[in-house]
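Engineer: File follows, model.txt with compact mmCIF, C-alpha atoms:
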```
# COMPACT_ATOMS: atom_id res chain seq x y z
CA MET A 1 -25.61 36.33 -6.81
CA THR A 2 -26.89 36.36 -10.39
CA ARG A 3 -23.93 34.34 -11.62
CA LEU A 4 -24.36 31.84 -8.80
CA SER A 5 -28.09 31.36 -9.35
CA SER A 6 -27.64 30.85 -13.10
CA VAL A 7 -24.69 28.45 -12.85
CA LEU A 8 -25.75 26.45 -9.81
CA PRO A 9 -28.67 24.45 -11.29
CA ARG A 10 -26.58 23.40 -14.31
CA THR A 11 -23.65 22.52 -12.07
CA LEU A 12 -25.84 20.49 -9.72
CA PHE A 13 -27.34 18.60 -12.64
CA THR A 14 -23.88 17.92 -14.04
CA LEU A 15 -22.66 16.77 -10.65
CA ALA A 16 -25.72 14.55 -10.25
CA VAL A 17 -25.01 12.90 -13.60
CA LEU A 18 -21.35 12.45 -12.72
CA CYS A 19 -22.17 11.00 -9.30
CA ALA A 20 -24.77 8.66 -10.74
CA THR A 21 -22.46 7.33 -13.42
CA ALA A 22 -19.59 6.96 -10.97
CA LEU A 23 -21.62 4.87 -8.52
CA PRO A 24 -21.25 1.07 -8.59
CA SER A 25 -23.63 -0.59 -11.00
CA ASN A 26 -26.79 -2.23 -9.76
CA ALA A 27 -27.71 -5.92 -10.00
CA GLN A 28 -28.61 -5.69 -13.71
CA GLY A 29 -25.19 -4.28 -14.52
CA GLN A 30 -26.52 -0.82 -15.30
CA ALA A 31 -25.61 2.47 -13.68
CA PRO A 32 -28.46 4.03 -11.70
CA ALA A 33 -30.29 6.74 -13.58
CA ALA A 34 -29.46 10.34 -12.70
CA PRO A 35 -32.32 12.55 -11.56
CA ALA A 36 -33.78 14.59 -14.40
CA ASP A 37 -34.10 17.64 -12.18
CA PRO A 38 -32.14 18.82 -9.13
CA ALA A 39 -35.47 19.01 -7.28
CA ASP A 40 -35.65 15.18 -7.56
CA LEU A 41 -32.56 14.78 -5.37
CA ARG A 42 -32.75 13.62 -1.77
CA PRO A 43 -31.40 15.94 0.94
CA ALA A 44 -28.25 13.84 1.50
CA GLU A 45 -27.51 13.94 -2.23
CA ILE A 46 -28.02 17.69 -2.28
CA GLN A 47 -25.58 18.07 0.61
CA ARG A 48 -22.97 15.94 -1.15
CA LEU A 49 -23.41 17.88 -4.39
CA PHE A 50 -23.13 21.22 -2.62
CA ASP A 51 -19.94 20.08 -0.93
CA ALA A 52 -18.51 19.09 -4.32
CA TYR A 53 -19.70 22.35 -5.89
CA PHE A 54 -18.15 24.38 -3.08
CA VAL A 55 -14.82 22.65 -3.56
CA MET A 56 -14.98 23.13 -7.34
CA GLU A 57 -15.77 26.82 -7.07
CA ALA A 58 -13.67 27.76 -4.04
CA GLN A 59 -10.42 28.48 -5.84
CA GLN A 60 -12.01 30.81 -8.38
CA THR A 61 -14.59 32.44 -6.11
CA LEU A 62 -12.15 33.12 -3.30
CA GLY A 63 -9.19 33.82 -5.55
CA LEU A 64 -7.11 31.13 -3.85
CA SER A 65 -3.53 30.71 -4.92
CA ASP A 66 -2.24 27.25 -5.78
CA GLN A 67 -0.37 27.23 -2.46
CA GLN A 68 -3.56 28.01 -0.53
CA TYR A 69 -5.82 25.52 -2.27
CA ALA A 70 -4.77 22.16 -0.74
CA PRO A 71 -4.56 23.42 2.88
CA PHE A 72 -7.84 25.30 2.35
CA LEU A 73 -9.62 22.10 1.29
CA THR A 74 -8.27 20.20 4.29
CA ARG A 75 -9.41 22.91 6.69
CA LEU A 76 -12.75 23.35 4.93
CA LYS A 77 -13.48 19.64 5.30
CA ALA A 78 -12.53 19.86 8.99
CA LEU A 79 -14.98 22.76 9.44
CA GLN A 80 -17.76 20.89 7.66
CA GLU A 81 -17.12 17.70 9.63
CA THR A 82 -17.10 19.62 12.92
CA ARG A 83 -20.47 21.14 12.07
CA ARG A 84 -22.00 17.83 11.01
CA ARG A 85 -20.71 15.99 14.07
CA HIS A 86 -22.17 18.59 16.41
CA LEU A 87 -25.49 18.75 14.55
CA ALA A 88 -25.81 14.96 14.86
CA SER A 89 -24.98 15.06 18.58
CA ARG A 90 -27.42 17.90 19.14
CA ALA A 91 -30.17 16.07 17.27
CA ALA A 92 -29.60 12.96 19.40
CA LEU A 93 -29.83 14.98 22.63
CA LEU A 94 -33.01 16.68 21.43
CA VAL A 95 -34.58 13.31 20.57
CA ASP A 96 -33.77 12.13 24.10
CA LEU A 97 -35.27 15.30 25.57
CA ALA A 98 -38.41 14.88 23.49
CA ARG A 99 -38.71 11.24 24.53
CA MET A 100 -38.27 12.09 28.21
CA SER A 101 -40.48 15.15 28.34
CA GLY A 102 -43.13 14.48 25.73
CA PRO A 103 -46.79 14.12 26.63
CA ARG A 104 -46.74 10.47 25.49
CA ALA A 105 -43.62 9.48 27.41
CA ALA A 106 -44.04 5.98 28.84
CA ARG A 107 -42.18 7.05 31.97
CA PRO A 108 -41.78 10.82 32.19
CA ALA A 109 -38.34 11.83 33.42
CA ASP A 110 -37.96 13.58 36.73
CA ASP A 111 -36.76 17.19 36.91
CA THR A 112 -33.22 16.17 37.90
CA THR A 113 -32.83 14.00 34.81
CA LEU A 114 -34.28 16.70 32.56
CA LYS A 115 -31.95 19.32 34.06
CA ALA A 116 -28.98 17.02 33.45
CA GLN A 117 -29.99 16.57 29.80
CA LEU A 118 -30.50 20.30 29.37
CA ALA A 119 -27.07 20.94 30.89
CA ALA A 120 -25.56 18.38 28.50
CA LEU A 121 -27.23 20.17 25.58
CA GLU A 122 -25.97 23.55 26.77
CA GLU A 123 -22.44 22.16 27.20
CA LEU A 124 -22.55 20.60 23.73
CA GLU A 125 -23.67 23.89 22.18
CA ALA A 126 -20.89 25.79 23.94
CA ARG A 127 -18.28 23.22 22.91
CA SER A 128 -19.65 23.23 19.36
CA ALA A 129 -19.43 27.00 19.09
CA ALA A 130 -15.84 26.93 20.34
CA GLU A 131 -14.82 24.16 17.93
CA VAL A 132 -16.47 25.90 14.97
CA ARG A 133 -14.74 29.17 15.90
CA LYS A 134 -11.43 27.29 16.06
CA ALA A 135 -12.04 25.67 12.66
CA TYR A 136 -12.90 29.08 11.16
CA GLY A 137 -9.76 30.53 12.73
CA GLU A 138 -7.60 27.84 11.17
CA LEU A 139 -9.24 28.39 7.80
CA ASP A 140 -8.99 32.18 8.11
CA ALA A 141 -5.27 31.89 8.86
CA LEU A 142 -4.81 30.85 5.23
CA LEU A 143 -6.87 33.70 3.80
CA ASP A 144 -6.45 37.43 3.52
CA PRO A 145 -9.33 39.64 4.74
CA ARG A 146 -10.89 39.92 1.26
CA GLN A 147 -10.86 36.13 0.85
CA GLN A 148 -12.34 35.71 4.33
CA ALA A 149 -15.18 38.05 3.39
CA ARG A 150 -15.75 36.24 0.09
CA PHE A 151 -15.74 32.92 1.90
CA ARG A 152 -18.44 34.02 4.36
CA VAL A 153 -20.64 35.46 1.58
CA PHE A 154 -20.16 32.47 -0.72
CA GLU A 155 -20.85 30.05 2.12
CA ASP A 156 -24.05 31.90 3.02
CA GLN A 157 -25.26 31.98 -0.59
CA LEU A 158 -24.68 28.26 -0.98
CA GLU A 159 -26.42 27.47 2.30
CA ARG A 160 -29.50 29.44 1.22
CA ARG A 161 -29.56 27.75 -2.17
CA LYS A 162 -29.11 24.32 -0.57
CA LEU A 163 -32.05 24.93 1.75
CA GLU A 164 -34.19 25.99 -1.21
CA LEU A 165 -33.29 22.82 -3.12
CA MET A 166 -33.87 20.61 -0.08
CA LEU A 167 -37.27 22.16 0.40
CA ARG A 168 -38.10 21.51 -3.25
CA ALA A 169 -36.80 17.93 -2.95
CA ARG A 170 -39.02 17.30 0.07
CA GLN A 171 -42.04 18.86 -1.64
CA ASN A 172 -41.39 16.78 -4.73
CA ALA A 173 -41.11 13.59 -2.68
CA ARG A 174 -44.37 14.46 -0.91
CA GLN A 175 -46.11 15.04 -4.25
CA GLN A 176 -44.81 11.75 -5.61
CA ARG A 177 -46.14 9.89 -2.54
CA LEU A 178 -49.55 11.54 -2.98
CA GLN A 179 -49.62 10.60 -6.66
CA ARG A 180 -48.76 6.98 -5.85
CA ARG A 181 -51.56 6.84 -3.27
CA GLN A 182 -54.04 8.24 -5.77
CA GLN A 183 -53.14 5.64 -8.38
```
Mind turning the file's structure into structure tokens?
Structural biologist:
Amino acid sequence: MTRLSSVLPRTLFTLAVLCATALPSNAQGQAPAAPADPADLRPAEIQRLFDAYFVMEAQQTLGLSDQQYAPFLTRLKALQETRRRHLASRAALLVDLARMSGPRAARPADDTTLKAQLAALEELEARSAAEVRKAYGELDALLDPRQQARFRVFEDQLERRKLELMLRARQNARQQRLQRRQQ
């Protein structure tokens, strides 16, 4: 964990600079400026940077052979996409439930409609869990037990660090809005 926490901020900053310079130029013909601090990044940028960092570090951290690396990346991207797709679907269902059941609902939904939405949410969560398990199984088929363990630990460490950075990014954005209002 010590190595990860000391390398990660530098790597994120480097990735931010690389991403910013690789983006298409703006109307004045200049590349957009890179954030001076990883805490200045938006949550979507942090997610993209963590995905790139994970890919960069996977071979070394997991001890992947050259033969494992390309199939691993393909299956890792499938796992990540499965998760994102289900999170987006879940969020949409929850928004609908909030709209239908909220105290300010223009036309509150009847119990039958709410039960149908709750059943759809439950079915989505069950399907999501099965698809994520399948994606993990396909990824694990490439790895030996030690690599599987390293993958789970590394994935958890990155997820925690990402959440910390997203929280800092949101706090920073909030502070910037307050400062603009005060000026």
Engineer: What's the 12 Å shell around Asp144 of chain A, counting only C-alpha atoms, without same-chain residues fewer than 3 positions away, as a VMD selection string?
Structural biologist: chain A and resid 62 to 65 68 137 139 to 141 147 to 151
Engineer: So what do you get for atom CA of Gln179 of chain A versus atom CA of Glu45 of chain A, distance-wise?
Structural biologist: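 These atoms are spaced 22.8 Å apart.
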Engineer: Need the axis-aligned box for segment 165-180 of chain A with 5 Å each side, so what are the centre and edges in Å to one decimal, as JSON?
Structural biologist:
```
{"center_x": -41.5, "center_y": 14.9, "center_z": -3.1, "size_x": 26.3, "size_y": 25.8, "size_z": 17.1}
```
Engineer: Excluding segment 119-132 of chain A and its own-chain neighbours fewer than 5 positions away, which residues fall within 9 Å of it when counting only C-alpha atoms? Please give them as a ChimeraX atom specification.
Structural biologist: /A:79-80,82-83,86-87,89-90,93-94,114,137
Engineer: With distances taken over only C-alpha atoms, which residue among A:Arg181, A:Leu165, A:Leu158, A:Ala106 lies nearest Glu57 of chain A?
Structural biologist: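 Among the listed residues, the smallest separation from Glu57 of chain A belongs to A:Leu158.
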Engineer: Please indicate the distance in Å from atom CA of Ala92 of chain A to atom CA of Leu118 of chain A, rounded to one decimal place.
Structural biologist: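 One can read the atom CA of Ala92 of chain A to atom CA of Leu118 of chain A distance as 12.4 Å.
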Engineer: For a quick check of understanding, using only C-alpha atoms, which of A:Lys77, A:Gln47, A:Ala91, A:Met100 has the smallest distance to Thr112 of chain A?
Structural biologist: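 So, comparing all the options, the nearest one is A:Met100.
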Engineer: Please compute the atom CA of Ala169 of chain A-atom CA of Ala44 of chain A distance, one decimal, in Å.
Structural biologist: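 These atoms are spaced 10.5 Å apart.
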Engineer: Which one of A:Ala135, A:Gln60, A:Leu97, A:Lys115 sits closest to Ala78 of chain A if you count only C-alpha atoms?
Structural biologist: A:Ala135
Engineer: Pick out the closest residue to Arg75 of chain A from this set: A:Tyr136, A:Met166, A:Ala52, A:Gln59. Count all atoms listed in the file.
Structural biologist: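 Answer, going by the shortest atom-to-atom distance: A:Tyr136.
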Engineer: Using only C-alpha atoms, which of the listed residues (A:Leu163, A:Arg133, A:Gln171, A:Gln182) sits closest to Phe50 of chain A?
Structural biologist: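 Ranked by minimum distance to Phe50 of chain A, first place goes to A:Leu163.
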